[in-house]
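Asker: Just one file: entry.pdb, with PDB, C-alpha atoms.
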ATOM      1  CA  MET A   1     -20.973  33.812 -69.207
ATOM      2  CA  THR A   2     -19.321  30.447 -68.537
ATOM      3  CA  ASN A   3     -21.688  27.509 -68.363
ATOM      4  CA  PRO A   4     -20.715  25.718 -65.133
ATOM      5  CA  ASP A   5     -21.994  22.400 -66.399
ATOM      6  CA  ALA A   6     -19.912  22.646 -69.583
ATOM      7  CA  ASP A   7     -16.650  23.544 -67.838
ATOM      8  CA  PRO A   8     -16.979  23.496 -64.029
ATOM      9  CA  MET A   9     -13.353  24.477 -63.483
ATOM     10  CA  GLU A  10     -13.613  27.511 -65.729
ATOM     11  CA  ALA A  11     -16.828  28.467 -63.923
ATOM     12  CA  LEU A  12     -15.044  28.235 -60.572
ATOM     13  CA  PHE A  13     -12.153  30.355 -61.857
ATOM     14  CA  ALA A  14     -14.561  32.939 -63.265
ATOM     15  CA  GLU A  15     -16.370  33.089 -59.945
ATOM     16  CA  ALA A  16     -13.049  33.536 -58.118
ATOM     17  CA  ARG A  17     -12.022  36.291 -60.562
ATOM     18  CA  ALA A  18     -15.332  38.077 -60.044
ATOM     19  CA  ASN A  19     -15.067  37.876 -56.249
ATOM     20  CA  PRO A  20     -11.499  38.718 -55.268
ATOM     21  CA  PRO A  21     -10.740  38.785 -51.538
ATOM     22  CA  ASP A  22     -11.115  42.336 -50.237
ATOM     23  CA  PRO A  23      -8.004  43.773 -48.598
ATOM     24  CA  PRO A  24      -8.792  44.845 -45.008
ATOM     25  CA  ASP A  25      -9.178  48.598 -44.445
ATOM     26  CA  GLU A  26      -6.297  48.495 -41.937
ATOM     27  CA  LEU A  27      -3.994  47.119 -44.629
ATOM     28  CA  MET A  28      -5.008  49.847 -47.080
ATOM     29  CA  ALA A  29      -4.338  52.466 -44.390
ATOM     30  CA  ARG A  30      -0.921  50.981 -43.558
ATOM     31  CA  VAL A  31       0.103  50.830 -47.220
ATOM     32  CA  LEU A  32      -0.980  54.453 -47.759
ATOM     33  CA  ALA A  33       0.930  55.559 -44.640
ATOM     34  CA  ASP A  34       4.050  53.765 -45.972
ATOM     35  CA  ALA A  35       3.580  55.447 -49.352
ATOM     36  CA  ARG A  36       3.378  58.954 -47.860
ATOM     37  CA  ALA A  37       6.304  58.352 -45.485
ATOM     38  CA  GLN A  38       8.483  57.093 -48.342
ATOM     39  CA  GLN A  39       7.479  60.104 -50.445
ATOM     40  CA  SER A  40       8.975  62.375 -47.760
ATOM     41  CA  VAL A  41      12.228  60.387 -47.864
ATOM     42  CA  ILE A  42      12.349  60.619 -51.674
ATOM     43  CA  ALA A  43      11.524  64.349 -51.678
ATOM     44  CA  ALA A  44      14.320  65.365 -49.252
ATOM     45  CA  PRO A  45      17.347  65.010 -51.606
ATOM     46  CA  GLN A  46      15.268  66.339 -54.506
ATOM     47  CA  ARG A  47      14.650  69.524 -52.515
ATOM     48  CA  SER A  48      18.436  70.031 -52.073
ATOM     49  CA  TRP A  49      19.030  69.736 -55.827
ATOM     50  CA  ARG A  50      16.151  72.109 -56.490
ATOM     51  CA  LEU A  51      17.689  74.717 -54.151
ATOM     52  CA  LEU A  52      21.080  74.415 -55.894
ATOM     53  CA  TRP A  53      19.381  74.692 -59.283
ATOM     54  CA  ARG A  54      17.542  77.840 -58.193
ATOM     55  CA  GLY A  55      20.784  79.188 -56.653
ATOM     56  CA  ILE A  56      22.617  79.178 -59.971
ATOM     57  CA  GLY A  57      19.647  80.760 -61.706
ATOM     58  CA  GLY A  58      18.099  77.722 -63.419
ATOM     59  CA  LEU A  59      18.756  77.005 -67.089
ATOM     60  CA  PRO A  60      19.791  80.589 -68.063
ATOM     61  CA  GLY A  61      22.233  80.643 -65.154
ATOM     62  CA  LEU A  62      23.675  77.286 -66.113
ATOM     63  CA  SER A  63      24.059  78.437 -69.755
ATOM     64  CA  GLY A  64      25.945  81.559 -68.649
ATOM     65  CA  LEU A  65      28.155  79.494 -66.347
ATOM     66  CA  ALA A  66      28.988  77.058 -69.137
ATOM     67  CA  ALA A  67      29.736  79.871 -71.618
ATOM     68  CA  ALA A  68      32.033  81.655 -69.128
ATOM     69  CA  THR A  69      33.873  78.388 -68.432
ATOM     70  CA  VAL A  70      34.448  77.696 -72.139
ATOM     71  CA  VAL A  71      35.611  81.275 -72.865
ATOM     72  CA  GLY A  72      37.957  81.242 -69.852
ATOM     73  CA  PHE A  73      39.432  77.933 -70.938
ATOM     74  CA  TRP A  74      39.912  79.190 -74.495
ATOM     75  CA  ILE A  75      41.666  82.388 -73.319
ATOM     76  CA  GLY A  76      44.019  80.138 -71.362
ATOM     77  CA  VAL A  77      44.763  77.944 -74.367
ATOM     78  CA  ALA A  78      44.997  80.679 -77.026
ATOM     79  CA  PRO A  79      45.411  84.073 -75.311
ATOM     80  CA  PRO A  80      45.017  87.342 -77.261
ATOM     81  CA  GLU A  81      48.307  89.016 -78.311
ATOM     82  CA  ALA A  82      48.036  91.690 -75.610
ATOM     83  CA  LEU A  83      48.171  89.043 -72.888
ATOM     84  CA  PRO A  84      51.169  86.875 -71.927
ATOM     85  CA  ASP A  85      50.933  83.191 -72.878
ATOM     86  CA  LEU A  86      51.389  81.975 -69.319
ATOM     87  CA  ALA A  87      50.027  78.509 -69.976
ATOM     88  CA  GLY A  88      52.390  77.916 -72.926
ATOM     89  CA  GLN A  89      55.396  79.234 -70.998
ATOM     90  CA  MET A  90      54.646  77.084 -67.974
ATOM     91  CA  ILE A  91      54.157  73.975 -70.090
ATOM     92  CA  SER A  92      57.395  74.598 -72.052
ATOM     93  CA  GLY A  93      59.309  75.499 -68.844
ATOM     94  CA  ASP A  94      60.573  78.759 -70.417
ATOM     95  CA  GLU A  95      61.556  80.644 -67.214
ATOM     96  CA  ALA A  96      63.106  83.604 -69.074
ATOM     97  CA  ALA A  97      59.884  84.230 -70.934
ATOM     98  CA  LEU A  98      57.983  83.979 -67.658
ATOM     99  CA  LEU A  99      60.195  86.643 -66.076
ATOM    100  CA  GLN A 100      59.724  88.814 -69.138
ATOM    101  CA  SER A 101      56.012  88.573 -68.717
ATOM    102  CA  ALA A 102      56.207  89.660 -65.093
ATOM    103  CA  PRO A 103      56.131  93.441 -65.792
ATOM    104  CA  GLU A 104      52.938  92.914 -67.780
ATOM    105  CA  LEU A 105      51.394  91.235 -64.759
ATOM    106  CA  THR A 106      52.417  94.117 -62.507
ATOM    107  CA  ALA A 107      51.249  96.779 -64.970
ATOM    108  CA  PHE A 108      48.427  97.873 -62.701
ATOM    109  CA  GLY A 109      51.039  98.964 -60.163
ATOM    110  CA  TRP A 110      49.809  96.610 -57.461
ATOM    111  CA  ASP A 111      53.427  95.777 -56.505
ATOM    112  CA  ILE A 112      54.250  99.535 -56.073
ATOM    113  CA  GLU A 113      51.202 100.144 -53.926
ATOM    114  CA  GLU A 114      52.179  97.222 -51.731
ATOM    115  CA  GLY A 115      55.594  98.885 -51.310
TER     116      GLY A 115
ATOM    117  CA  MET B   1      -3.153  41.656 -79.235
ATOM    118  CA  SER B   2      -6.430  40.745 -77.530
ATOM    119  CA  PHE B   3      -8.831  43.296 -76.080
ATOM    120  CA  ASP B   4      -7.921  42.188 -72.528
ATOM    121  CA  ASP B   5      -4.194  42.577 -73.263
ATOM    122  CA  SER B   6      -4.841  46.026 -74.685
ATOM    123  CA  ILE B   7      -6.741  47.079 -71.555
ATOM    124  CA  ARG B   8      -3.968  45.703 -69.348
ATOM    125  CA  ASP B   9      -1.350  47.663 -71.325
ATOM    126  CA  THR B  10      -3.371  50.847 -70.924
ATOM    127  CA  GLU B  11      -3.739  50.200 -67.210
ATOM    128  CA  ASP B  12      -0.003  49.707 -66.955
ATOM    129  CA  ASP B  13       0.669  52.958 -68.780
ATOM    130  CA  VAL B  14      -1.532  54.671 -66.190
ATOM    131  CA  ASN B  15       0.309  52.892 -63.361
ATOM    132  CA  ALA B  16       3.687  53.982 -64.752
ATOM    133  CA  ALA B  17       2.503  57.586 -65.095
ATOM    134  CA  LEU B  18       1.160  57.530 -61.543
ATOM    135  CA  LEU B  19       4.443  56.109 -60.271
ATOM    136  CA  LEU B  20       6.359  58.971 -61.887
ATOM    137  CA  ARG B  21       3.980  61.459 -60.281
ATOM    138  CA  TYR B  22       4.343  59.612 -56.974
ATOM    139  CA  ALA B  23       8.121  60.073 -57.127
ATOM    140  CA  THR B  24       7.645  63.848 -57.421
ATOM    141  CA  GLY B  25       5.663  63.894 -54.164
ATOM    142  CA  ASP B  26       2.108  63.850 -55.581
ATOM    143  CA  ALA B  27      -0.169  62.720 -52.724
ATOM    144  CA  ALA B  28      -3.100  61.954 -55.042
ATOM    145  CA  ALA B  29      -0.891  59.626 -57.097
ATOM    146  CA  ALA B  30       0.055  57.771 -53.912
ATOM    147  CA  ARG B  31      -3.605  57.247 -53.008
ATOM    148  CA  LEU B  32      -4.523  56.117 -56.527
ATOM    149  CA  LEU B  33      -1.666  53.619 -56.687
ATOM    150  CA  VAL B  34      -2.657  52.193 -53.296
ATOM    151  CA  THR B  35      -6.291  51.707 -54.349
ATOM    152  CA  ARG B  36      -5.393  50.336 -57.808
ATOM    153  CA  LEU B  37      -2.630  47.917 -56.868
ATOM    154  CA  THR B  38      -3.061  46.778 -53.261
ATOM    155  CA  PRO B  39      -6.245  44.724 -53.903
ATOM    156  CA  ARG B  40      -4.507  42.842 -56.739
ATOM    157  CA  VAL B  41      -1.416  42.194 -54.668
ATOM    158  CA  PHE B  42      -3.455  41.086 -51.661
ATOM    159  CA  GLY B  43      -5.732  38.906 -53.811
ATOM    160  CA  HIS B  44      -2.791  37.049 -55.323
ATOM    161  CA  ALA B  45      -1.021  36.600 -51.973
ATOM    162  CA  MET B  46      -4.255  35.393 -50.379
ATOM    163  CA  ARG B  47      -4.842  32.767 -53.087
ATOM    164  CA  VAL B  48      -1.262  31.516 -52.985
ATOM    165  CA  LEU B  49      -0.716  31.613 -49.215
ATOM    166  CA  GLY B  50      -4.271  30.855 -48.103
ATOM    167  CA  ASP B  51      -3.703  32.922 -44.964
ATOM    168  CA  GLY B  52      -4.995  36.465 -44.416
ATOM    169  CA  GLY B  53      -2.309  37.594 -41.961
ATOM    170  CA  GLU B  54       0.560  36.427 -44.125
ATOM    171  CA  ALA B  55      -1.093  37.847 -47.242
ATOM    172  CA  GLU B  56      -1.315  41.253 -45.512
ATOM    173  CA  ASP B  57       2.366  41.180 -44.528
ATOM    174  CA  VAL B  58       3.441  40.199 -48.044
ATOM    175  CA  SER B  59       1.212  42.864 -49.631
ATOM    176  CA  GLN B  60       2.565  45.628 -47.411
ATOM    177  CA  GLU B  61       6.170  44.568 -48.073
ATOM    178  CA  ALA B  62       5.625  44.322 -51.846
ATOM    179  CA  MET B  63       4.049  47.774 -51.973
ATOM    180  CA  MET B  64       6.886  49.170 -49.823
ATOM    181  CA  ARG B  65       9.377  47.897 -52.417
ATOM    182  CA  LEU B  66       7.378  49.674 -55.117
ATOM    183  CA  TRP B  67       7.567  52.968 -53.198
ATOM    184  CA  ARG B  68      11.320  52.554 -52.805
ATOM    185  CA  VAL B  69      11.937  51.845 -56.485
ATOM    186  CA  ALA B  70       9.701  54.718 -57.677
ATOM    187  CA  PRO B  71      12.446  57.406 -58.039
ATOM    188  CA  ASP B  72      14.521  55.070 -60.238
ATOM    189  CA  TRP B  73      11.576  53.729 -62.278
ATOM    190  CA  ARG B  74      12.086  53.970 -66.034
ATOM    191  CA  SER B  75       8.907  53.862 -68.070
ATOM    192  CA  GLY B  76       8.972  51.392 -70.920
ATOM    193  CA  GLU B  77      11.564  49.057 -69.407
ATOM    194  CA  ALA B  78       9.100  46.964 -67.411
ATOM    195  CA  LYS B  79       5.402  46.874 -66.646
ATOM    196  CA  VAL B  80       4.545  47.998 -63.137
ATOM    197  CA  SER B  81       2.106  45.096 -62.682
ATOM    198  CA  THR B  82       4.596  42.468 -63.920
ATOM    199  CA  TRP B  83       7.303  43.871 -61.650
ATOM    200  CA  LEU B  84       4.916  43.901 -58.692
ATOM    201  CA  TYR B  85       3.608  40.375 -59.330
ATOM    202  CA  ARG B  86       7.224  39.159 -59.492
ATOM    203  CA  VAL B  87       7.968  40.727 -56.108
ATOM    204  CA  VAL B  88       4.801  39.237 -54.589
ATOM    205  CA  ALA B  89       5.484  35.815 -56.115
ATOM    206  CA  ASN B  90       8.994  35.776 -54.632
ATOM    207  CA  LEU B  91       7.794  36.953 -51.222
ATOM    208  CA  CYS B  92       5.116  34.226 -51.267
ATOM    209  CA  ILE B  93       7.688  31.569 -52.172
ATOM    210  CA  ASP B  94       9.898  32.751 -49.284
ATOM    211  CA  ARG B  95       6.946  32.422 -46.914
ATOM    212  CA  LEU B  96       5.986  28.983 -48.214
ATOM    213  CA  ARG B  97       9.552  27.698 -47.811
ATOM    214  CA  LYS B  98       9.663  28.849 -44.195
ATOM    215  CA  ARG B  99       6.430  27.068 -43.368
ATOM    216  CA  LYS B 100       6.425  23.728 -41.674
ATOM    217  CA  PRO B 101       4.735  21.014 -43.714
ATOM    218  CA  GLY B 102       0.975  21.060 -43.253
ATOM    219  CA  MET B 103       0.956  24.441 -41.542
ATOM    220  CA  ALA B 104      -0.986  26.257 -44.249
ATOM    221  CA  LEU B 105      -3.868  23.837 -44.319
ATOM    222  CA  ASP B 106      -4.318  24.073 -40.565
ATOM    223  CA  GLU B 107      -4.743  27.817 -40.826
ATOM    224  CA  VAL B 108      -7.101  27.895 -43.782
ATOM    225  CA  ALA B 109     -10.827  27.812 -43.224
ATOM    226  CA  GLU B 110     -12.174  24.322 -43.591
ATOM    227  CA  PRO B 111     -13.847  23.673 -46.920
ATOM    228  CA  ALA B 112     -17.506  22.791 -46.788
ATOM    229  CA  ASP B 113     -18.130  19.134 -46.123
ATOM    230  CA  PRO B 114     -19.856  17.670 -49.177
ATOM    231  CA  THR B 115     -21.936  15.422 -46.959
ATOM    232  CA  GLU B 116     -23.648  18.395 -45.322
ATOM    233  CA  GLY B 117     -26.852  19.924 -46.664
ATOM    234  CA  VAL B 118     -26.824  20.341 -50.436
ATOM    235  CA  GLU B 119     -28.290  23.839 -50.314
ATOM    236  CA  ALA B 120     -25.472  25.160 -48.119
ATOM    237  CA  GLN B 121     -22.842  23.504 -50.311
ATOM    238  CA  MET B 122     -24.244  25.225 -53.376
ATOM    239  CA  GLN B 123     -23.506  28.572 -51.843
ATOM    240  CA  GLN B 124     -20.884  30.623 -53.584
ATOM    241  CA  SER B 125     -18.696  30.796 -50.491
ATOM    242  CA  ALA B 126     -18.616  27.013 -50.268
ATOM    243  CA  ARG B 127     -17.369  26.793 -53.855
ATOM    244  CA  ARG B 128     -14.721  29.397 -53.158
ATOM    245  CA  ASP B 129     -13.601  27.577 -50.023
ATOM    246  CA  ALA B 130     -13.435  24.314 -51.957
ATOM    247  CA  LEU B 131     -11.362  25.926 -54.695
ATOM    248  CA  GLN B 132      -9.012  27.490 -52.129
ATOM    249  CA  ALA B 133      -8.602  24.196 -50.310
ATOM    250  CA  ALA B 134      -7.812  22.440 -53.590
ATOM    251  CA  LEU B 135      -5.347  25.194 -54.519
ATOM    252  CA  ASP B 136      -3.617  24.790 -51.152
ATOM    253  CA  ASP B 137      -2.977  21.130 -51.957
ATOM    254  CA  LEU B 138      -1.104  21.951 -55.176
ATOM    255  CA  PRO B 139       2.709  22.161 -55.212
ATOM    256  CA  ASP B 140       3.826  25.797 -54.673
ATOM    257  CA  ARG B 141       4.918  26.559 -58.251
ATOM    258  CA  GLN B 142       1.829  24.938 -59.760
ATOM    259  CA  ARG B 143      -0.388  26.936 -57.415
ATOM    260  CA  GLN B 144       1.325  30.197 -58.339
ATOM    261  CA  ALA B 145       1.049  29.472 -62.054
ATOM    262  CA  VAL B 146      -2.625  28.464 -61.813
ATOM    263  CA  VAL B 147      -3.525  31.558 -59.766
ATOM    264  CA  LEU B 148      -1.660  33.871 -62.148
ATOM    265  CA  ARG B 149      -3.206  32.246 -65.243
ATOM    266  CA  HIS B 150      -6.746  31.392 -64.256
ATOM    267  CA  ILE B 151      -7.588  33.796 -61.430
ATOM    268  CA  ASP B 152      -5.392  36.844 -62.021
ATOM    269  CA  GLY B 153      -5.985  36.311 -65.753
ATOM    270  CA  LEU B 154      -2.429  36.941 -66.984
ATOM    271  CA  ALA B 155      -1.000  35.695 -70.280
ATOM    272  CA  ASN B 156       1.583  32.898 -70.301
ATOM    273  CA  PRO B 157       4.551  35.097 -71.426
ATOM    274  CA  GLU B 158       3.877  37.494 -68.545
ATOM    275  CA  ILE B 159       3.629  34.592 -66.084
ATOM    276  CA  ALA B 160       6.936  33.276 -67.447
ATOM    277  CA  ALA B 161       8.543  36.663 -66.746
ATOM    278  CA  ILE B 162       7.055  36.784 -63.251
ATOM    279  CA  LEU B 163       8.117  33.266 -62.259
ATOM    280  CA  GLY B 164      11.439  33.427 -64.112
ATOM    281  CA  ILE B 165      10.749  30.320 -66.215
ATOM    282  CA  GLY B 166       9.997  29.551 -69.866
ATOM    283  CA  VAL B 167       6.573  29.810 -71.471
ATOM    284  CA  GLU B 168       6.501  26.040 -72.042
ATOM    285  CA  ALA B 169       7.152  25.453 -68.350
ATOM    286  CA  VAL B 170       4.235  27.771 -67.549
ATOM    287  CA  GLU B 171       1.962  25.826 -69.915
ATOM    288  CA  SER B 172       3.020  22.584 -68.276
ATOM    289  CA  LEU B 173       2.523  23.927 -64.730
ATOM    290  CA  THR B 174      -0.924  25.377 -65.450
ATOM    291  CA  ALA B 175      -2.098  22.271 -67.319
ATOM    292  CA  ARG B 176      -0.957  19.932 -64.525
ATOM    293  CA  GLY B 177      -2.374  22.267 -61.896
ATOM    294  CA  LYS B 178      -5.745  22.489 -63.580
ATOM    295  CA  ARG B 179      -5.916  18.688 -63.947
ATOM    296  CA  ALA B 180      -5.062  18.269 -60.255
ATOM    297  CA  LEU B 181      -7.803  20.739 -59.298
ATOM    298  CA  GLU B 182     -10.324  18.942 -61.513
ATOM    299  CA  LYS B 183      -9.423  15.685 -59.845
ATOM    300  CA  ALA B 184      -9.603  17.157 -56.324
ATOM    301  CA  LEU B 185     -12.931  18.855 -56.960
ATOM    302  CA  GLY B 186     -14.378  16.144 -59.185
ATOM    303  CA  ASP B 187     -15.954  14.267 -56.306
ATOM    304  CA  GLN B 188     -17.721  17.440 -55.182
ATOM    305  CA  ARG B 189     -19.257  18.401 -58.537
ATOM    306  CA  GLU B 190     -22.804  17.766 -57.481
ATOM    307  CA  ALA B 191     -22.257  19.222 -54.037
ATOM    308  CA  LEU B 192     -20.801  22.365 -55.591
ATOM    309  CA  GLY B 193     -23.881  22.911 -57.705
ATOM    310  CA  TYR B 194     -22.914  21.285 -61.013
ATOM    311  CA  THR B 195     -25.432  18.856 -62.442
ATOM    312  CA  THR B 196     -23.187  16.773 -64.722
TER     313      THR B 196
END
Translate the structure described by the file into structure tokens.

Answerer:
Amino acid sequence: MTNPDADPMEALFAEARANPPDPPDELMARVLADARAQQSVIAAPQRSWRLLWRGIGGLPGLSGLAAATVVGFWIGVAPPEALPDLAGQMISGDEAALLQSAPELTAFGWDIEEG
Amino acid sequence: MSFDDSIRDTEDDVNAALLLRYATGDAAAARLLVTRLTPRVFGHAMRVLGDGGEAEDVSQEAMMRLWRVAPDWRSGEAKVSTWLYRVVANLCIDRLRKRKPGMALDEVAEPADPTEGVEAQMQQSARRDALQAALDDLPDRQRQAVVLRHIDGLANPEIAAILGIGVEAVESLTARGKRALEKALGDQREALGYTT
């Protein structure tokens, strides 16, 4: 303990440290009310993200979505031999090749059914 | 690192964890943060401003800023207490600048008159009033530095971060402030209960 006669200032500081002014109860209540109100504001956008996250099926859903996107992109860039290389033909502007590919695109007979 | 510094670091880790929980909507974390931090904020504002009403306003505003920053808080980048003290210190400075000269002293309780009965003057409350009155007479920055160092018990580097000045400037402010307090209270030594 500080000896007040040895260092009166330090004794005064120690006394002040040991007896901090008490915050009024009304202040504590107001600060808590602010805290809870702000928590509702913070939680609102988080709830929207959580709904979207649940909607796509969480992490497994997101993994599947990412895998499908990558595979689809790759098929576009390097299609299997059985499929026409539409992307390459469009980029090169090869209209004849595009027309040649047309029968392959109508192979399911959709154009015939439509009349 | 001293024992006190180590305890303060642990407390700040707890505050940061509570703030993260607060941001997820945890009501218990909100209550704990209010009870842990509001008394410190109010105590500092009260010592620096010397006025209960203004100290309440500043405390509520400082805590409101903490609630708002909670979702973006990144643990490890700053201490919650240092950040909060900086906010309070700036709010106090804003208040002090808006005051008319002499306004604060009119609103603060009168310190005990040393010529009154010695027994009453030796009371703890009289010493606290005398210290507060002497603090109120210090220049604003000196008062803030003295309160942070000697009453809130912070280390000089932390005070430097809070006030946005160098450590040497903090040392100078606290040394000059303490000397000014000693001088102001020197005449009341006996009245305040000190025998030498």

Asker: Mind telling me what the ChimeraX specification (/B :<12) & /A catches here, as a count of residues only?

Answerer: 46

Asker: Work out how far apart CA of Arg176 (chain B) and CA of Leu148 (chain B) are and give it in Å to one decimal.

Answerer: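 Between CA of Arg176 (chain B) and CA of Leu148 (chain B) the gap is 14.2 Å.
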
Asker: How many Å separate CA of Gly166 (chain B) from CA of Asp9 (chain B)?

Answerer: 21.4 Å

Asker: Report the distance between CA of Pro157 (chain B) and CA of Val80 (chain B) in Å, rounded to one decimal place.

Answerer: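 Between CA of Pro157 (chain B) and CA of Val80 (chain B) the gap works out to 15.3 Å.
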
Asker: Where does the PyMOL selection byres ((chain B and resi 141) around 10) land in this file, that is, which residues does it pick, as a list in words?

Answerer: Val48, Ala89, Ile93, Leu138, Pro139, Asp140, Gln142, Arg143, Gln144, Ala145, Val146, Val147, Leu163, Val170, Leu173, Thr174 and Gly177 of chain B

Asker: How about saving the chosen residues, C-alpha atoms kept, as a CSV table (one decimal), in the coordinates of the input?

Answerer:
chain,number,residue,atom,x,y,z
B,48,VAL,CA,-1.3,31.5,-53.0
B,89,ALA,CA,5.5,35.8,-56.1
B,93,ILE,CA,7.7,31.6,-52.2
B,138,LEU,CA,-1.1,22.0,-55.2
B,139,PRO,CA,2.7,22.2,-55.2
B,140,ASP,CA,3.8,25.8,-54.7
B,142,GLN,CA,1.8,24.9,-59.8
B,143,ARG,CA,-0.4,26.9,-57.4
B,144,GLN,CA,1.3,30.2,-58.3
B,145,ALA,CA,1.0,29.5,-62.1
B,146,VAL,CA,-2.6,28.5,-61.8
B,147,VAL,CA,-3.5,31.6,-59.8
B,163,LEU,CA,8.1,33.3,-62.3
B,170,VAL,CA,4.2,27.8,-67.5
B,173,LEU,CA,2.5,23.9,-64.7
B,174,THR,CA,-0.9,25.4,-65.4
B,177,GLY,CA,-2.4,22.3,-61.9

Asker: With the PyMOL selection byres ((chain B and resi 95) around 12) as the selection, what would be picked from this file? Answer as a ChimeraX atom specification, please.

Answerer: /B:45,48-51,53-55,57-58,88-94,96-100,103-104,140
